[in-house]
file start.csv (CSV, C-alpha atoms and all ligand atoms)
chain,number,residue,atom,x,y,z
Z,1,MET,CA,6.7,-29.6,37.4
Z,2,GLY,CA,6.9,-26.7,35.0
Z,3,ALA,CA,4.4,-28.4,32.7
Z,4,ASP,CA,3.0,-26.4,29.8
Z,5,PRO,CA,-0.6,-25.6,30.9
Z,6,LEU,CA,-1.7,-26.1,27.3
Z,7,ARG,CA,-0.8,-29.8,27.9
Z,8,ARG,CA,-3.1,-30.1,30.8
Z,9,PRO,CA,-6.1,-32.1,29.7
Z,10,GLU,CA,-8.7,-29.6,31.0
Z,11,VAL,CA,-7.1,-26.9,28.9
Z,12,LEU,CA,-6.8,-29.1,25.9
Z,13,ARG,CA,-10.5,-29.7,26.2
Z,14,LEU,CA,-11.3,-26.0,26.1
Z,15,PRO,CA,-8.8,-23.8,24.3
Z,16,THR,CA,-9.5,-20.2,24.9
Z,17,VAL,CA,-8.3,-17.5,22.5
Z,18,ALA,CA,-8.6,-13.7,23.2
Z,19,PHE,CA,-8.3,-11.1,20.5
Z,20,VAL,CA,-6.7,-8.0,22.0
Z,21,SER,CA,-5.0,-5.0,20.6
Z,22,PRO,CA,-4.2,-1.5,21.7
Z,23,LYS,CA,-5.5,-0.1,18.5
Z,24,GLY,CA,-9.1,0.1,17.2
Z,25,GLY,CA,-9.9,-1.3,13.7
Z,26,ALA,CA,-7.0,-3.7,13.7
Z,27,GLY,CA,-9.2,-6.5,12.5
Z,28,LYS,CA,-10.0,-8.3,15.8
Z,29,THR,CA,-13.7,-8.9,15.3
Z,30,THR,CA,-13.1,-10.1,11.7
Z,31,ALA,CA,-10.3,-12.4,12.7
Z,32,SER,CA,-12.2,-13.8,15.7
Z,33,MET,CA,-15.2,-14.5,13.5
Z,34,LEU,CA,-13.1,-16.2,10.9
Z,35,LEU,CA,-11.5,-18.4,13.5
Z,36,ALA,CA,-14.9,-19.4,14.8
Z,37,LEU,CA,-16.3,-20.1,11.4
Z,38,GLY,CA,-13.2,-22.1,10.4
Z,39,LEU,CA,-13.4,-24.1,13.6
Z,40,VAL,CA,-17.0,-24.9,13.1
Z,41,GLU,CA,-16.2,-26.1,9.5
Z,42,GLN,CA,-13.7,-28.5,11.2
Z,43,GLY,CA,-16.5,-29.8,13.4
Z,44,HIS,CA,-15.9,-27.8,16.6
Z,45,LYS,CA,-18.4,-26.1,18.8
Z,46,VAL,CA,-17.5,-22.5,19.7
Z,47,ALA,CA,-18.7,-20.0,22.3
Z,48,MET,CA,-17.8,-16.4,21.5
Z,49,ILE,CA,-17.8,-13.7,24.1
Z,50,ASP,CA,-18.4,-10.2,22.7
Z,51,ALA,CA,-16.7,-7.8,25.1
Z,52,ASP,CA,-17.1,-4.8,22.8
Z,53,PRO,CA,-19.8,-2.3,23.9
Z,54,ASN,CA,-20.7,-1.9,20.2
Z,55,LYS,CA,-21.6,-5.6,20.2
Z,56,PRO,CA,-20.5,-6.5,16.6
Z,57,LEU,CA,-20.8,-10.3,17.3
Z,58,VAL,CA,-24.1,-10.0,19.0
Z,59,HIS,CA,-25.3,-8.1,15.9
Z,60,TRP,CA,-24.0,-10.9,13.6
Z,61,ALA,CA,-25.7,-13.5,15.8
Z,62,SER,CA,-29.0,-11.6,15.5
Z,63,LEU,CA,-28.9,-12.0,11.7
Z,64,PRO,CA,-30.4,-15.1,10.1
Z,65,GLY,CA,-28.2,-18.2,9.5
Z,66,ARG,CA,-26.0,-18.3,12.6
Z,67,PRO,CA,-24.6,-21.9,12.8
Z,68,ASN,CA,-25.9,-23.8,15.8
Z,69,ALA,CA,-22.3,-24.6,16.7
Z,70,ILE,CA,-21.6,-21.0,17.5
Z,71,SER,CA,-23.1,-19.2,20.5
Z,72,VAL,CA,-22.5,-15.5,21.2
Z,73,HIS,CA,-22.5,-14.1,24.8
Z,74,ALA,CA,-22.5,-10.3,25.4
Z,75,ALA,CA,-20.2,-8.7,27.9
Z,76,PRO,CA,-20.4,-5.0,27.0
Z,77,PHE,CA,-18.8,-4.0,30.3
Z,78,GLU,CA,-15.9,-5.5,32.2
Z,79,MET,CA,-18.1,-6.5,35.1
Z,80,ASP,CA,-20.2,-8.6,32.6
Z,81,LEU,CA,-17.4,-10.9,31.7
Z,82,PRO,CA,-17.7,-13.5,34.5
Z,83,ASP,CA,-21.4,-14.0,33.7
Z,84,ALA,CA,-20.8,-14.2,30.0
Z,85,LEU,CA,-18.1,-16.8,30.6
Z,86,ARG,CA,-20.4,-18.8,32.8
Z,87,GLU,CA,-23.1,-18.6,30.1
Z,88,ALA,CA,-20.5,-19.6,27.4
Z,89,ASN,CA,-19.3,-22.6,29.4
Z,90,GLY,CA,-22.9,-23.6,29.9
Z,91,LYS,CA,-23.1,-24.2,26.1
Z,92,LYS,CA,-20.4,-26.9,26.5
Z,93,PRO,CA,-18.2,-25.6,23.7
Z,94,ASP,CA,-14.8,-27.0,22.8
Z,95,TRP,CA,-13.4,-23.6,22.0
Z,96,ILE,CA,-14.0,-20.2,23.6
Z,97,ILE,CA,-13.1,-17.0,21.7
Z,98,LEU,CA,-13.1,-13.5,23.2
Z,99,ASP,CA,-13.4,-10.4,21.1
Z,100,THR,CA,-12.5,-7.2,22.9
Z,101,GLU,CA,-12.9,-3.5,22.2
Z,102,GLY,CA,-9.9,-1.8,20.6
Z,103,SER,CA,-8.5,0.8,23.0
Z,104,ALA,CA,-5.2,2.5,23.7
Z,105,ARG,CA,-5.8,1.7,27.4
Z,106,VAL,CA,-6.1,-2.0,27.0
Z,107,GLY,CA,-6.1,-3.1,30.7
Z,108,LEU,CA,-6.2,-6.7,31.9
Z,109,SER,CA,-10.0,-7.4,31.7
Z,110,PHE,CA,-9.3,-10.1,29.1
Z,111,THR,CA,-7.7,-12.2,31.8
Z,112,ALA,CA,-11.2,-12.9,33.1
Z,113,VAL,CA,-11.5,-15.7,30.5
Z,114,LYS,CA,-8.0,-17.1,31.4
Z,115,PRO,CA,-6.9,-17.2,27.8
Z,116,ASP,CA,-4.4,-19.8,26.6
Z,117,LEU,CA,-3.6,-17.6,23.6
Z,118,VAL,CA,-3.8,-13.8,22.9
Z,119,ILE,CA,-3.9,-12.9,19.3
Z,120,THR,CA,-3.1,-9.3,18.3
Z,121,PRO,CA,-4.1,-8.5,14.7
Z,122,LEU,CA,-1.8,-6.0,13.0
Z,123,ALA,CA,-2.0,-4.2,9.6
Z,124,SER,CA,1.0,-4.7,7.4
Z,125,SER,CA,2.9,-1.5,8.2
Z,126,ALA,CA,6.1,-1.2,10.1
Z,127,LEU,CA,4.5,1.3,12.5
Z,128,GLU,CA,2.2,-1.5,13.7
Z,129,ALA,CA,5.1,-3.3,15.3
Z,130,LEU,CA,4.8,-0.7,18.1
Z,131,GLN,CA,1.4,-2.0,18.9
Z,132,ALA,CA,2.8,-5.5,19.1
Z,133,LEU,CA,5.5,-4.5,21.5
Z,134,LYS,CA,2.9,-2.7,23.7
Z,135,MET,CA,0.7,-5.8,23.6
Z,136,ALA,CA,3.6,-8.1,24.5
Z,137,GLU,CA,4.1,-6.1,27.6
Z,138,ILE,CA,0.4,-6.3,28.5
Z,139,VAL,CA,0.4,-10.0,28.0
Z,140,GLY,CA,3.4,-10.2,30.3
Z,141,ASN,CA,1.4,-8.4,33.0
Z,142,ALA,CA,-1.5,-10.7,32.4
Z,143,GLU,CA,0.8,-13.7,32.9
Z,144,LYS,CA,1.9,-12.3,36.3
Z,145,LYS,CA,-1.7,-11.7,37.3
Z,146,LEU,CA,-2.9,-15.2,36.3
Z,147,ARG,CA,0.4,-16.8,37.4
Z,148,ARG,CA,0.5,-19.0,34.3
Z,149,PRO,CA,2.0,-18.6,30.9
Z,150,ILE,CA,-0.2,-17.1,28.1
Z,151,LYS,CA,0.9,-17.6,24.5
Z,152,HIS,CA,0.9,-14.4,22.4
Z,153,ALA,CA,1.0,-14.2,18.6
Z,154,CYS,CA,0.4,-11.4,16.1
Z,155,LEU,CA,-1.7,-12.0,13.0
Z,156,LEU,CA,-1.1,-9.9,9.9
Z,157,THR,CA,-4.5,-8.9,8.6
Z,158,ARG,CA,-6.0,-6.8,5.8
Z,159,LEU,CA,-3.1,-7.8,3.7
Z,160,PRO,CA,-3.2,-6.5,0.1
Z,161,ALA,CA,-4.3,-9.5,-2.0
Z,162,ALA,CA,-2.0,-9.2,-5.0
Z,163,VAL,CA,1.4,-7.8,-4.1
Z,164,ARG,CA,3.4,-8.4,-1.0
Z,165,PRO,CA,4.7,-5.0,-0.1
Z,166,LYS,CA,8.1,-4.3,1.3
Z,167,SER,CA,6.5,-3.0,4.5
Z,168,LEU,CA,5.4,-6.5,5.2
Z,169,LYS,CA,9.0,-7.8,5.3
Z,170,GLY,CA,9.7,-4.8,7.6
Z,171,ILE,CA,7.1,-5.7,10.2
Z,172,VAL,CA,7.9,-9.4,10.1
Z,173,GLU,CA,11.6,-8.6,10.8
Z,174,GLN,CA,10.8,-6.2,13.6
Z,175,LEU,CA,8.6,-8.7,15.3
Z,176,ARG,CA,11.3,-11.4,15.0
Z,177,ILE,CA,14.0,-9.1,16.4
Z,178,ASN,CA,11.7,-8.4,19.4
Z,179,ASN,CA,10.9,-12.1,19.9
Z,180,ILE,CA,7.3,-11.6,19.2
Z,181,ALA,CA,5.6,-14.6,17.5
Z,182,ILE,CA,3.7,-14.1,14.3
Z,183,LEU,CA,1.3,-16.6,12.9
Z,184,PRO,CA,2.6,-18.0,9.7
Z,185,THR,CA,-0.7,-17.1,7.9
Z,186,GLY,CA,-2.0,-13.7,7.2
Z,187,ILE,CA,-5.5,-12.7,6.4
Z,188,ILE,CA,-5.9,-10.8,3.1
Z,189,GLU,CA,-8.3,-7.9,2.6
Z,190,LYS,CA,-11.3,-9.5,1.2
Z,191,GLU,CA,-14.9,-8.3,0.5
Z,192,ALA,CA,-16.2,-11.7,1.6
Z,193,PHE,CA,-14.8,-11.1,5.1
Z,194,ARG,CA,-16.8,-7.9,5.3
Z,195,MET,CA,-19.9,-9.5,4.0
Z,196,ILE,CA,-20.1,-12.0,6.8
Z,197,PHE,CA,-21.2,-9.1,9.1
Z,198,ALA,CA,-23.6,-7.6,6.5
Z,199,LEU,CA,-25.3,-10.9,5.7
Z,200,GLY,CA,-24.9,-12.9,8.9
Z,201,GLY,CA,-24.5,-16.7,8.8
Z,202,ASP,CA,-21.4,-18.5,7.8
Z,203,LEU,CA,-19.2,-19.1,4.7
Z,204,ALA,CA,-21.9,-21.2,3.2
Z,205,THR,CA,-24.3,-18.2,3.5
Z,206,LEU,CA,-21.9,-16.1,1.5
Z,207,GLU,CA,-21.8,-18.8,-1.1
Z,208,LYS,CA,-25.6,-19.0,-1.3
Z,209,ASN,CA,-25.7,-15.2,-1.8
Z,210,GLY,CA,-23.2,-15.3,-4.6
Z,211,VAL,CA,-20.5,-13.4,-2.8
Z,212,TYR,CA,-17.3,-13.4,-4.9
Z,213,GLY,CA,-14.3,-15.4,-3.8
Z,214,VAL,CA,-15.8,-17.6,-1.0
Z,215,GLY,CA,-13.6,-20.5,-2.1
Z,216,GLN,CA,-10.5,-18.5,-1.4
Z,217,ALA,CA,-12.0,-17.2,1.9
Z,218,ARG,CA,-12.6,-20.8,3.0
Z,219,THR,CA,-9.1,-21.8,2.2
Z,220,ILE,CA,-7.7,-18.9,4.1
Z,221,ALA,CA,-9.9,-19.7,7.1
Z,222,HIS,CA,-8.7,-23.3,7.3
Z,223,THR,CA,-5.1,-22.4,6.9
Z,224,TYR,CA,-5.5,-19.8,9.6
Z,225,VAL,CA,-7.3,-22.2,12.0
Z,226,ASN,CA,-4.6,-24.8,11.5
Z,227,ALA,CA,-1.9,-22.2,12.2
Z,228,VAL,CA,-3.7,-21.2,15.4
Z,229,LYS,CA,-4.0,-24.9,16.5
Z,230,GLU,CA,-0.4,-25.6,15.7
Z,231,PHE,CA,0.7,-22.5,17.6
Z,232,MET,CA,-1.3,-23.7,20.6
Z,233,GLY,CA,0.3,-27.2,20.4
Z,234,LEU,CA,-3.0,-28.8,19.4
Z,235,LEU,CA,-1.8,-29.9,16.0
Z,236,ALA,CA,1.4,-31.5,14.9
Z,237,PRO,CA,3.3,-29.1,12.5
Z,238,LYS,CA,2.8,-31.3,9.5
Z,239,GLU,CA,-0.9,-31.4,10.0
Z,240,ALA,CA,-0.8,-27.6,10.1
Z,241,GLU,CA,0.6,-27.3,6.6
Z,242,PRO,CA,-1.5,-24.9,4.6
Z,243,ALA,CA,-4.8,-26.5,3.7
Z,244,MET,CA,-2.9,-27.1,0.5
Z,245,ALA,CA,-4.0,-23.9,-1.2
Z,246,PRO,CA,-4.7,-24.9,-4.7
Z,247,ALA,CA,-2.8,-23.2,-7.5
Z,248,SER,CA,-6.1,-21.7,-8.6
Z,249,GLN,CA,-6.2,-19.8,-5.3
Z,250,PRO,CA,-3.1,-17.6,-5.4
Z,251,GLN,CA,-4.4,-15.1,-2.9
Z,252,ALA,CA,-4.4,-17.8,-0.1
Z,253,ILE,CA,-0.7,-18.5,-0.9
Z,254,GLU,CA,0.0,-14.7,-0.8
Z,255,GLY,CA,-1.4,-14.8,2.7
Z,256,ARG,CA,1.3,-17.2,3.8
Z,257,LEU,CA,4.3,-15.6,5.4
Z,258,GLY,CA,7.8,-16.8,4.7
I,301,LIG,N1,-9.5,-9.2,6.1
I,301,LIG,C1,-10.4,-8.2,5.9
I,301,LIG,N2,-10.9,-8.0,4.7
I,301,LIG,C2,-11.8,-7.0,4.5
I,301,LIG,N3,-12.2,-6.1,5.4
I,301,LIG,C3,-11.7,-6.3,6.7
I,301,LIG,C4,-10.7,-7.3,7.0
I,301,LIG,N4,-10.4,-7.2,8.3
I,301,LIG,C5,-11.1,-6.2,8.8
I,301,LIG,N5,-11.8,-5.6,7.8
I,301,LIG,C6,-12.7,-4.4,7.9
I,301,LIG,O1,-12.0,-3.4,8.6
I,301,LIG,C7,-12.8,-2.8,9.6
I,301,LIG,C8,-12.2,-3.0,11.0
I,301,LIG,O2,-12.2,-4.4,11.2
I,301,LIG,P1,-12.7,-5.1,12.5
I,301,LIG,O3,-14.0,-4.6,12.9
I,301,LIG,O4,-12.5,-6.6,12.4
I,301,LIG,O5,-11.5,-4.5,13.5
I,301,LIG,P2,-11.5,-4.4,15.1
I,301,LIG,O6,-10.1,-4.5,15.5
I,301,LIG,O7,-12.5,-5.4,15.6
I,301,LIG,O8,-12.1,-3.0,15.4
I,301,LIG,P3,-12.5,-2.4,16.8
I,301,LIG,O9,-11.3,-2.0,17.5
I,301,LIG,O10,-13.3,-1.1,16.4
I,301,LIG,O11,-13.3,-3.4,17.5
I,301,LIG,C9,-14.2,-3.4,9.4
I,301,LIG,O12,-14.9,-2.5,8.6
I,301,LIG,C10,-13.9,-4.7,8.7
I,301,LIG,O13,-15.0,-5.1,7.9
I,302,MG,MG,-14.0,-5.2,17.0
call {"tool": "encode", "arguments": {"input": "start.csv", "output": "structure tokens", "more": "lines below"}}
Ligand SMILES: Nc1ncnc2c1ncn2[C@@H]1O[C@H](COP(=O)(O)OP(=O)(O)OP(=O)(O)O)[C@@H](O)[C@H]1O
Ligand SMILES: [Mg+2]
result
Amino acid sequence: MGADPLRRPEVLRLPTVAFVSPKGGAGKTTASMLLALGLVEQGHKVAMIDADPNKPLVHWASLPGRPNAISVHAAPFEMDLPDALREANGKKPDWIILDTEGSARVGLSFTAVKPDLVITPLASSALEALQALKMAEIVGNAEKKLRRPIKHACLLTRLPAAVRPKSLKGIVEQLRINNIAILPTGIIEKEAFRMIFALGGDLATLEKNGVYGVGQARTIAHTYVNAVKEFMGLLAPKEAEPAMAPASQPQAIEGRLG
């Protein structure tokens, strides 16, 4: 009676996260990749559905070094989603991640995967709060369509590494006022995150190629994964404490939001 569907065993076995935003270039693909890589480092098996006609994840998967624990399934058009989901399920993953195309006319096609959580990446400017509001309304419509609750959280991304600008406080406040959840971890702007798509492979591949700051990237990825798990009720709050960002990694701490 009124049970949280995330508590249902079948959902617990296969958490499904969709990255959706009404704006292109918000950081969806990067954040979905980072979630997948972080989950794999924690021992999970992830199926990713690439619902962007530009196929950025399919391209990443075609490069050498894709971890066996990540499969990528293309759904360039809305009608491809059911097949891609079937194919993804066939890999017996323990997480499904959907990356969508950024578009002002978002639509409800992401409901095809029945997400437990929708993440909307936002840049750290007050204007971005409008995107979050728009997205919250869309998630509300998706809940009506699926007749089940869908969690929704924003993720601040491409944060400047060194200074925490005033605009960050502005957007955090605006989201709070509007009751829109925000993950307690942000993702900083980092060359290593771009290089994943240039080199292919995982964080270890970056390390092997001598990419600068992979240690910090890894810490951020784990903190972010734990924040997502905690938000979904899959991790007790104290387990979700930051992967104890060492003092030598101040950028990861900068990424934590108060
Ligand atoms: N944390 C980050 N650090 C460095 N670069 C980033 C980061 N996040 C995103 N980028 C860069 O910003 C650009 C847009 O990011 P991304 O492709 O992840 O956004 P998107 O929301 O998926 O875009 P689209 O709507 O076009 O699919 C890319 O060039 C990406 O490499
Ligand atoms: Mg994208």
call {"tool": "atom_distance", "arguments": {"input": "start.csv", "atom1": "CA of Lys55 (chain Z)", "atom2": "CA of Arg158 (chain Z)"}}
result
21.3 Å
call {"tool": "residues_near_ligand", "arguments": {"input": "start.csv", "ligand": "ligand LIG 301 (chain I)", "cutoff": "6 Å", "atoms": "all atoms listed in the file", "output": "list in words"}}
result
Gly24, Gly25, Ala26, Gly27, Lys28, Thr29, Thr30, Glu101, Gly102, Thr157, Arg158, Ile187, Ile188, Glu189, Lys190, Glu191, Phe193 and Arg194 of chain Z
call {"tool": "atom_distance", "arguments": {"input": "start.csv", "atom1": "CA of Glu137 (chain Z)", "atom2": "CA of Lys114 (chain Z)"}}
result
16.8 Å
call {"tool": "residues_around", "arguments": {"input": "start.csv", "residues": "Leu156 (chain Z)", "least_positions_apart": "2", "cutoff": "8 Å", "atoms": "all atoms listed in the file", "output": "list in words"}}
result
Pro121, Leu122, Ala123, Ser124, Cys154, Arg158, Leu159, Ile182, Leu183, Thr185, Gly186 and Ile187 of chain Z
call {"tool": "closest_residue", "arguments": {"input": "start.csv", "among": "Z:His152, Z:His59, Z:Lys229, Z:Lys45", "to": "ligand MG 302 (chain I)", "atoms": "all atoms listed in the file"}}
result
Z:His59
call {"tool": "decode", "arguments": {"input": "start.csv", "residues": "region 211-232 of chain Z", "atoms": "N, CA and C atoms", "output": "mmCIF file, in the first residue's frame"}}
result
data_model
loop_
_atom_site.group_PDB
_atom_site.id
_atom_site.type_symbol
_atom_site.label_atom_id
_atom_site.label_comp_id
_atom_site.auth_asym_id
_atom_site.auth_seq_id
_atom_site.Cartn_x
_atom_site.Cartn_y
_atom_site.Cartn_z
ATOM 1 N N VAL Z 211 47.004 10.854 -18.640
ATOM 2 C CA VAL Z 211 46.128 12.039 -18.568
ATOM 3 C C VAL Z 211 46.208 12.624 -17.159
ATOM 4 N N TYR Z 212 46.310 13.941 -17.096
ATOM 5 C CA TYR Z 212 46.509 14.626 -15.822
ATOM 6 C C TYR Z 212 45.245 14.558 -14.951
ATOM 7 N N GLY Z 213 45.435 14.311 -13.663
ATOM 8 C CA GLY Z 213 44.330 14.433 -12.693
ATOM 9 C C GLY Z 213 43.363 13.264 -12.656
ATOM 10 N N VAL Z 214 43.820 12.062 -13.045
ATOM 11 C CA VAL Z 214 42.904 10.921 -13.047
ATOM 12 C C VAL Z 214 42.492 10.525 -11.625
ATOM 13 N N GLY Z 215 43.420 10.700 -10.661
ATOM 14 C CA GLY Z 215 43.102 10.379 -9.265
ATOM 15 C C GLY Z 215 41.911 11.197 -8.784
ATOM 16 N N GLN Z 216 41.939 12.491 -9.096
ATOM 17 C CA GLN Z 216 40.828 13.361 -8.696
ATOM 18 C C GLN Z 216 39.549 12.948 -9.417
ATOM 19 N N ALA Z 217 39.691 12.632 -10.697
ATOM 20 C CA ALA Z 217 38.514 12.227 -11.489
ATOM 21 C C ALA Z 217 37.868 10.999 -10.859
ATOM 22 N N ARG Z 218 38.697 10.065 -10.411
ATOM 23 C CA ARG Z 218 38.191 8.828 -9.814
ATOM 24 C C ARG Z 218 37.458 9.124 -8.501
ATOM 25 N N THR Z 219 38.048 9.995 -7.687
ATOM 26 C CA THR Z 219 37.408 10.361 -6.404
ATOM 27 C C THR Z 219 36.044 11.003 -6.656
ATOM 28 N N ILE Z 220 36.014 11.896 -7.639
ATOM 29 C CA ILE Z 220 34.747 12.572 -7.964
ATOM 30 C C ILE Z 220 33.722 11.538 -8.442
ATOM 31 N N ALA Z 221 34.180 10.606 -9.299
ATOM 32 C CA ALA Z 221 33.258 9.590 -9.827
ATOM 33 C C ALA Z 221 32.643 8.778 -8.684
ATOM 34 N N HIS Z 222 33.456 8.371 -7.707
ATOM 35 C CA HIS Z 222 32.933 7.553 -6.601
ATOM 36 C C HIS Z 222 31.990 8.347 -5.709
ATOM 37 N N THR Z 223 32.344 9.594 -5.447
ATOM 38 C CA THR Z 223 31.482 10.430 -4.607
ATOM 39 C C THR Z 223 30.127 10.598 -5.285
ATOM 40 N N TYR Z 224 30.184 10.797 -6.587
ATOM 41 C CA TYR Z 224 28.979 11.002 -7.403
ATOM 42 C C TYR Z 224 28.122 9.723 -7.435
ATOM 43 N N VAL Z 225 28.767 8.581 -7.666
ATOM 44 C CA VAL Z 225 28.033 7.308 -7.693
ATOM 45 C C VAL Z 225 27.338 7.076 -6.348
ATOM 46 N N ASN Z 226 28.057 7.331 -5.261
ATOM 47 C CA ASN Z 226 27.458 7.110 -3.943
ATOM 48 C C ASN Z 226 26.311 8.080 -3.690
ATOM 49 N N ALA Z 227 26.444 9.304 -4.193
ATOM 50 C CA ALA Z 227 25.356 10.277 -4.022
ATOM 51 C C ALA Z 227 24.116 9.806 -4.784
ATOM 52 N N VAL Z 228 24.322 9.254 -5.977
ATOM 53 C CA VAL Z 228 23.186 8.736 -6.769
ATOM 54 C C VAL Z 228 22.546 7.551 -6.036
ATOM 55 N N LYS Z 229 23.390 6.640 -5.539
ATOM 56 C CA LYS Z 229 22.864 5.469 -4.820
ATOM 57 C C LYS Z 229 22.088 5.913 -3.591
ATOM 58 N N GLU Z 230 22.634 6.868 -2.880
ATOM 59 C CA GLU Z 230 21.950 7.329 -1.664
ATOM 60 C C GLU Z 230 20.605 7.965 -2.028
ATOM 61 N N PHE Z 231 20.608 8.763 -3.073
ATOM 62 C CA PHE Z 231 19.371 9.436 -3.492
ATOM 63 C C PHE Z 231 18.306 8.414 -3.879
ATOM 64 N N MET Z 232 18.741 7.297 -4.439
ATOM 65 C CA MET Z 232 17.793 6.260 -4.851
ATOM 66 C C MET Z 232 17.401 5.349 -3.697
#
